[in-house]
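A.B. asks: Data file upload-v8.txt (compact mmCIF, C-alpha atoms) is appended below.
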```txt
# COMPACT_ATOMS: atom_id res chain seq x y z
CA MET A 170 -9.81 -14.67 -18.34
CA GLU A 171 -12.77 -12.45 -17.50
CA TRP A 172 -13.48 -10.44 -14.39
CA THR A 173 -15.84 -7.80 -13.17
CA THR A 174 -15.26 -4.86 -10.89
CA SER A 175 -17.45 -2.97 -8.48
CA SER A 176 -17.21 0.77 -7.90
CA GLN A 177 -13.71 1.84 -6.96
CA ASP A 178 -15.13 4.30 -4.44
CA ARG A 179 -13.54 3.60 -1.04
CA THR A 180 -16.99 3.49 0.55
CA ALA A 181 -18.43 1.02 -1.94
CA VAL A 182 -19.95 -2.17 -0.58
CA GLY A 183 -18.91 -5.41 -2.24
CA PRO A 184 -15.72 -6.77 -3.73
CA ALA A 185 -13.24 -4.51 -5.50
CA ALA A 186 -12.96 -7.11 -8.26
CA VAL A 187 -14.06 -10.67 -9.02
CA THR A 188 -12.22 -13.08 -11.33
CA GLN A 189 -13.08 -16.59 -12.43
CA ARG A 190 -11.87 -18.07 -9.13
CA LEU A 191 -11.06 -15.14 -6.87
CA ARG A 192 -12.60 -12.26 -5.01
CA LEU A 193 -10.43 -9.20 -4.32
CA ASP A 194 -11.46 -6.91 -1.47
CA TRP A 195 -9.86 -3.73 -0.17
CA LEU A 196 -8.02 -4.80 2.96
CA GLY A 197 -9.52 -3.68 6.27
CA PRO A 198 -9.74 -4.53 9.98
CA GLN A 199 -12.21 -7.32 9.24
CA HIS A 200 -9.45 -9.30 7.53
CA ALA A 201 -6.98 -9.28 10.44
CA ALA A 202 -7.74 -12.73 11.86
CA ALA A 203 -7.70 -14.45 8.46
CA VAL A 204 -4.49 -12.69 7.38
CA HIS A 205 -2.78 -13.61 10.64
CA ALA A 206 -3.85 -17.25 10.30
CA ALA A 207 -2.49 -17.34 6.73
CA ILE A 208 0.84 -15.86 7.86
CA ARG A 209 1.16 -18.38 10.68
CA ALA A 210 0.37 -21.28 8.35
CA SER A 211 2.96 -20.11 5.80
CA HIS A 212 5.53 -18.45 8.05
CA ARG A 213 8.46 -20.71 7.24
CA GLU A 214 8.22 -19.99 3.52
CA LEU A 215 7.38 -16.29 3.89
CA ALA A 216 10.32 -15.75 6.24
CA ALA A 217 12.72 -17.00 3.56
CA TRP A 218 11.82 -14.16 1.19
CA LEU A 219 10.10 -11.29 3.00
CA PRO A 220 11.96 -9.12 5.55
CA TRP A 221 8.81 -8.34 7.54
CA ALA A 222 8.19 -12.08 8.07
CA ARG A 223 11.61 -12.99 9.47
CA SER A 224 10.04 -12.89 12.90
CA LEU A 225 6.41 -13.95 13.17
CA PRO A 226 4.18 -10.86 13.38
CA SER A 227 1.83 -10.79 16.34
CA LEU A 228 -1.91 -10.60 15.89
CA ALA A 229 -1.69 -6.97 17.02
CA ASP A 230 0.90 -6.25 14.30
CA THR A 231 -1.31 -7.83 11.67
CA ALA A 232 -4.38 -5.98 12.92
CA ALA A 233 -2.48 -2.67 12.68
CA PHE A 234 -1.40 -3.50 9.12
CA CYS A 235 -5.00 -4.19 8.12
CA ALA A 236 -6.40 -1.20 10.00
CA GLU A 237 -4.07 1.33 8.36
CA ALA A 238 -4.87 0.13 4.84
CA GLU A 239 -7.90 2.37 4.27
CA ALA A 240 -6.08 5.52 5.42
CA LEU A 241 -3.08 4.80 3.20
CA ARG A 242 -5.35 4.21 0.22
CA ALA A 243 -7.17 7.48 0.89
CA GLU A 244 -3.82 9.26 0.90
CA VAL A 245 -2.79 7.56 -2.39
CA ILE A 246 0.20 5.93 -0.70
CA ASP A 247 -0.50 2.21 -0.62
CA TYR A 248 -3.26 0.00 -2.04
CA ARG A 249 -3.82 -3.39 -0.39
CA LEU A 250 -6.19 -6.14 -1.48
CA ALA A 251 -7.21 -9.32 0.31
CA ILE A 252 -7.41 -12.26 -2.11
CA SER A 253 -10.07 -14.85 -1.34
CA LEU A 254 -10.95 -18.08 -3.10
CA GLN A 255 -14.57 -18.34 -4.18
CA PRO A 256 -17.17 -19.42 -3.27
CA ALA A 257 -16.12 -19.97 0.35
CA ALA A 258 -14.36 -16.56 0.59
CA GLU A 259 -11.29 -18.29 2.05
CA LEU A 260 -8.37 -15.85 2.25
CA VAL A 261 -5.38 -17.08 0.27
CA GLY A 262 -3.07 -14.07 0.16
CA ILE A 263 -2.43 -10.36 -0.25
CA ILE A 264 -1.54 -8.24 -3.27
CA SER A 265 -0.68 -4.56 -3.04
CA TRP A 266 1.01 -1.69 -4.79
CA ARG A 267 2.83 1.26 -3.25
CA VAL A 268 2.80 4.62 -5.00
CA GLY A 269 5.85 6.84 -5.34
CA TRP A 270 6.64 9.90 -7.40
CA GLN A 271 9.68 10.76 -9.46
CA ARG A 272 10.19 13.56 -11.92
CA GLU A 273 9.72 11.21 -14.86
CA ALA A 274 6.66 9.26 -13.74
CA VAL A 275 4.38 7.93 -11.05
CA LEU A 276 5.83 4.66 -9.79
CA ASN A 277 3.67 1.75 -8.66
CA GLU A 278 5.62 -1.01 -6.91
CA VAL A 279 3.68 -4.26 -6.69
CA GLY A 280 4.08 -6.86 -3.97
CA TYR A 281 2.28 -10.09 -3.15
CA TRP A 282 2.33 -13.25 -1.09
CA ILE A 283 0.20 -16.37 -1.04
CA ARG A 284 -0.47 -19.13 1.45
CA SER A 285 1.88 -22.08 1.05
CA ASP A 286 -0.95 -24.56 0.53
CA CYS A 287 -2.37 -22.45 -2.32
CA ARG A 288 0.75 -22.30 -4.45
CA ALA A 289 1.15 -23.82 -7.93
CA ARG A 290 -2.50 -23.27 -8.85
CA GLY A 291 -2.15 -20.01 -10.79
CA LEU A 292 -4.10 -18.07 -8.17
CA MET A 293 -1.59 -15.27 -7.65
CA THR A 294 -1.03 -15.00 -11.39
CA GLU A 295 -4.78 -14.55 -11.78
CA ALA A 296 -4.81 -11.87 -9.08
CA LEU A 297 -1.86 -10.00 -10.62
CA ARG A 298 -3.44 -10.00 -14.07
CA CYS A 299 -6.61 -8.59 -12.57
CA VAL A 300 -4.76 -5.80 -10.74
CA LEU A 301 -2.72 -4.85 -13.81
CA THR A 302 -5.83 -4.70 -15.98
CA THR A 303 -8.23 -3.09 -13.52
CA TRP A 304 -6.09 -0.49 -11.73
CA LEU A 305 -2.64 -0.40 -13.33
CA ALA A 306 -3.28 -0.58 -17.06
CA PRO A 307 -0.47 0.95 -19.16
CA ARG A 308 -0.70 4.70 -19.63
CA ARG A 309 1.64 7.59 -20.20
CA GLY A 310 3.49 8.65 -17.07
CA ARG A 311 2.75 5.44 -15.12
CA ILE A 312 5.40 2.84 -14.36
CA VAL A 313 4.54 -0.50 -12.76
CA PHE A 314 7.30 -2.73 -11.42
CA LEU A 315 8.24 -5.27 -8.78
CA THR A 316 11.39 -6.79 -7.35
CA THR A 317 11.84 -10.31 -6.05
CA ASP A 318 14.66 -12.45 -4.75
CA ALA A 319 16.46 -14.06 -7.69
CA ARG A 320 16.11 -17.47 -6.03
CA ASN A 321 12.36 -17.13 -5.50
CA LEU A 322 11.34 -18.94 -8.66
CA PRO A 323 7.59 -19.12 -7.87
CA SER A 324 7.43 -15.34 -7.44
CA ARG A 325 9.38 -14.82 -10.66
CA ARG A 326 6.97 -17.06 -12.57
CA VAL A 327 4.01 -15.09 -11.24
CA ALA A 328 5.57 -11.83 -12.44
CA LEU A 329 6.15 -13.17 -15.95
CA HIS A 330 2.85 -15.01 -16.38
CA GLY A 331 0.96 -12.17 -14.71
CA GLY A 332 1.95 -9.63 -17.35
CA LEU A 333 5.31 -8.10 -16.38
CA SER A 334 8.58 -8.38 -18.29
CA PHE A 335 11.99 -9.26 -16.91
CA CYS A 336 14.38 -6.28 -16.83
CA ARG A 337 17.59 -7.26 -15.06
CA THR A 338 19.19 -8.63 -11.93
CA PHE A 339 20.80 -6.36 -9.35
CA ARG A 340 22.12 -6.39 -5.83
CA ALA A 341 20.63 -3.98 -3.29
CA GLU A 342 23.49 -3.11 -0.97
CA GLN A 343 21.19 -1.42 1.53
CA ASP A 344 19.37 -4.75 1.96
CA GLU A 345 20.93 -6.44 4.97
CA THR A 346 20.90 -9.77 3.12
CA SER A 347 22.72 -8.36 0.04
CA ARG A 348 20.90 -10.96 -2.03
CA GLN A 349 20.67 -10.76 -5.78
CA LYS A 350 17.25 -9.56 -6.90
CA CYS A 351 15.30 -9.48 -10.12
CA LEU A 352 13.48 -6.47 -11.51
CA TYR A 353 10.27 -6.83 -13.53
CA ALA A 354 8.25 -4.04 -15.12
CA GLN A 355 5.20 -3.46 -17.26
CA PRO A 356 6.20 -3.41 -20.95
CA THR A 357 6.21 0.04 -22.58
CA GLU A 358 7.51 1.60 -25.78
CA SER A 359 10.36 3.20 -23.81
CA PHE A 360 11.30 0.04 -21.93
CA ASP A 361 15.01 0.86 -21.60
CA ALA A 362 14.25 4.16 -19.88
CA VAL A 363 11.67 2.46 -17.67
CA GLN A 364 14.25 -0.07 -16.53
CA GLU A 365 16.61 2.67 -15.38
CA ILE A 366 13.88 4.52 -13.49
CA CYS A 367 12.72 1.32 -11.79
CA LEU A 368 16.25 0.35 -10.85
CA ARG A 369 16.88 3.73 -9.23
CA ALA A 370 13.66 3.33 -7.26
CA ALA A 371 14.53 -0.22 -6.21
CA LEU A 372 18.01 0.82 -5.06
CA ALA A 373 16.80 3.87 -3.17
CA ARG A 374 16.67 3.56 0.59
CA PRO A 375 13.02 2.98 1.52
CA ARG A 376 11.21 5.89 3.12
CA PRO A 377 9.57 5.24 6.50
CA ARG A 378 6.00 4.19 5.97
CA PRO A 379 3.24 6.12 7.72
CA ARG A 380 1.99 4.48 10.87
CA PRO A 381 -1.64 4.57 12.05
CA ARG A 382 -2.52 7.31 14.49
CA ARG A 383 -3.19 6.08 18.00
```
Write out the structure in this file as structure tokens.

C.D. replies:
Amino acid sequence: MEWTTSSQDRTAVGPAAVTQRLRLDWLGPQHAAAVHAAIRASHRELAAWLPWARSLPSLADTAAFCAEAEALRAEVIDYRLAISLQPAAELVGIISWRVGWQREAVLNEVGYWIRSDCRARGLMTEALRCVLTTWLAPRRGRIVFLTTDARNLPSRRVALHGGLSFCRTFRAEQDETSRQKCLYAQPTESFDAVQEICLRAALARPRPRPRPRR
């Protein structure tokens, strides 16, 4: 698989990255309508796995999510990319990674979702591979991981085929569902230590996320 990237400057014009089938753009206010339409079209499936989708977000909620993306990226808190299918630039999903700091390393927690009618085509796997290669390539002091519901087999397949390795299953007691989850991480030479760090991060109570100034 080959892809190209444009400048990673936040003010750069053009896509953040282009793969064989996809265009990845830094999320912004211009994506709000398309993101909201994708959520509405896939709400039943998204609600089964993602806490934020249990009730359908309003267009205003989605617009706020898109609008705050640039500020969070500037503050090195959260990086969000809109995934579009070429050549029609049809939005098919979102992939993001949230940055956290621990004494041992900088943690990058990846998350993603895709429209229901775009599943089983390898599109999210292609997007994840691009992100891991372009922005989150292995390096000392960087840990990349994700968690997913143990029953969400499509998400688990994306993690494996996209370049992450299975670590373990666990149960997050602070999660109101108390569902069993799976932990995946980027392979490293010190994989056992990485697993423990990722598990501590996954079990930690989430910090409140910054909200856009009004």

A.B. asks: Neighbourhood query: residues within 12 Å of (0.0, 5.4, -3.2), file coordinates, counting only C-alpha atoms; return as a list in words.

C.D. replies: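 Collected hits near the coordinates: Ala238, Glu239, Ala240, Leu241, Arg242, Ala243, Glu244, Val245, Ile246, Asp247, Tyr248, Arg249, Ser265, Trp266, Arg267, Val268, Gly269, Trp270, Val275, Leu276, Asn277, Glu278, Val279, Leu305, Arg378 and Pro379 of chain A.
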
A.B. asks: Please, what distance in Å, to one decimal, runs between atom CA of Thr316 of chain A and atom CA of Leu228 of chain A?

C.D. replies: 27.0 Å

A.B. asks: So which residues touch segment 216-225 of chain A within 12 Å, counting only C-alpha atoms, skipping near sequence neighbours fewer than 2 positions away, as a short mmCIF file (atom, residue, chain, number, x, y, z; two decimals) with C-alpha atoms, in the coordinates of the input?

C.D. replies:
```
data_model
loop_
_atom_site.label_atom_id
_atom_site.label_comp_id
_atom_site.auth_asym_id
_atom_site.auth_seq_id
_atom_site.Cartn_x
_atom_site.Cartn_y
_atom_site.Cartn_z
CA HIS A 205 -2.78 -13.61 10.64
CA ALA A 206 -3.85 -17.25 10.30
CA ALA A 207 -2.49 -17.34 6.73
CA ILE A 208 0.84 -15.86 7.86
CA ARG A 209 1.16 -18.38 10.68
CA ALA A 210 0.37 -21.28 8.35
CA SER A 211 2.96 -20.11 5.80
CA HIS A 212 5.53 -18.45 8.05
CA ARG A 213 8.46 -20.71 7.24
CA GLU A 214 8.22 -19.99 3.52
CA SER A 227 1.83 -10.79 16.34
CA LEU A 228 -1.91 -10.60 15.89
CA ALA A 229 -1.69 -6.97 17.02
CA ASP A 230 0.90 -6.25 14.30
CA THR A 231 -1.31 -7.83 11.67
CA PHE A 234 -1.40 -3.50 9.12
CA GLY A 280 4.08 -6.86 -3.97
CA TYR A 281 2.28 -10.09 -3.15
CA TRP A 282 2.33 -13.25 -1.09
CA ILE A 283 0.20 -16.37 -1.04
CA SER A 285 1.88 -22.08 1.05
CA THR A 316 11.39 -6.79 -7.35
CA THR A 317 11.84 -10.31 -6.05
CA ASP A 318 14.66 -12.45 -4.75
CA ALA A 319 16.46 -14.06 -7.69
CA ARG A 320 16.11 -17.47 -6.03
CA ASN A 321 12.36 -17.13 -5.50
CA LEU A 322 11.34 -18.94 -8.66
CA PRO A 323 7.59 -19.12 -7.87
CA SER A 324 7.43 -15.34 -7.44
CA ASP A 344 19.37 -4.75 1.96
CA GLU A 345 20.93 -6.44 4.97
CA THR A 346 20.90 -9.77 3.12
CA ARG A 348 20.90 -10.96 -2.03
CA GLN A 349 20.67 -10.76 -5.78
CA LYS A 350 17.25 -9.56 -6.90
#
```

A.B. asks: Determine, for each residue of segment 296-363 of chain A having at least one atom at most 12 Å from an atom of segment 287-292 of chain A, the closest pair of atoms and their separation in Å to one decimal, counting all atoms listed in the file; order by chain and ascending number, as CSV.

C.D. replies:
```
residue,atom,partner,partner_atom,distance
A:Ala296,CA,A:Leu292,CA,6.3
A:Leu297,CA,A:Leu292,CA,8.7
A:Arg298,CA,A:Leu292,CA,10.0
A:Cys299,CA,A:Leu292,CA,10.7
A:Leu322,CA,A:Ala289,CA,11.3
A:Pro323,CA,A:Ala289,CA,8.0
A:Ser324,CA,A:Arg288,CA,10.1
A:Arg326,CA,A:Gly291,CA,9.7
A:Val327,CA,A:Gly291,CA,7.9
A:Ala328,CA,A:Gly291,CA,11.4
A:Leu329,CA,A:Gly291,CA,11.9
A:His330,CA,A:Gly291,CA,9.0
A:Gly331,CA,A:Gly291,CA,9.3
```

A.B. asks: For a quick check of understanding, using all atoms listed in the file, which of A:Ala370, A:Trp304, A:Thr338, A:Asp194 has the smallest distance to Leu250 of chain A?

C.D. replies: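 Using all atoms listed in the file, Leu250 of chain A sits closest to A:Asp194.
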
A.B. asks: One decimal, in Å: what's the spacing between atom CA of Phe314 of chain A and atom CA of Cys367 of chain A?

C.D. replies: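 Separation between atom CA of Phe314 of chain A and atom CA of Cys367 of chain A: 6.8 Å.
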
A.B. asks: Extract, using all atoms listed in the file, all DNA, RNA and protein residues at most 7 Å from Ala251 of chain A, discarding same-chain residues fewer than 5 positions from it, and format them as number ranges by chain.

C.D. replies: A: 193-196, 260, 262-264

A.B. asks: For atom CA of Phe339 of chain A and atom CA of Leu315 of chain A, determine how far apart the two atoms are, in Å to one decimal place.

C.D. replies: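 About the pair atom CA of Phe339 of chain A and atom CA of Leu315 of chain A: they are 12.6 Å apart.
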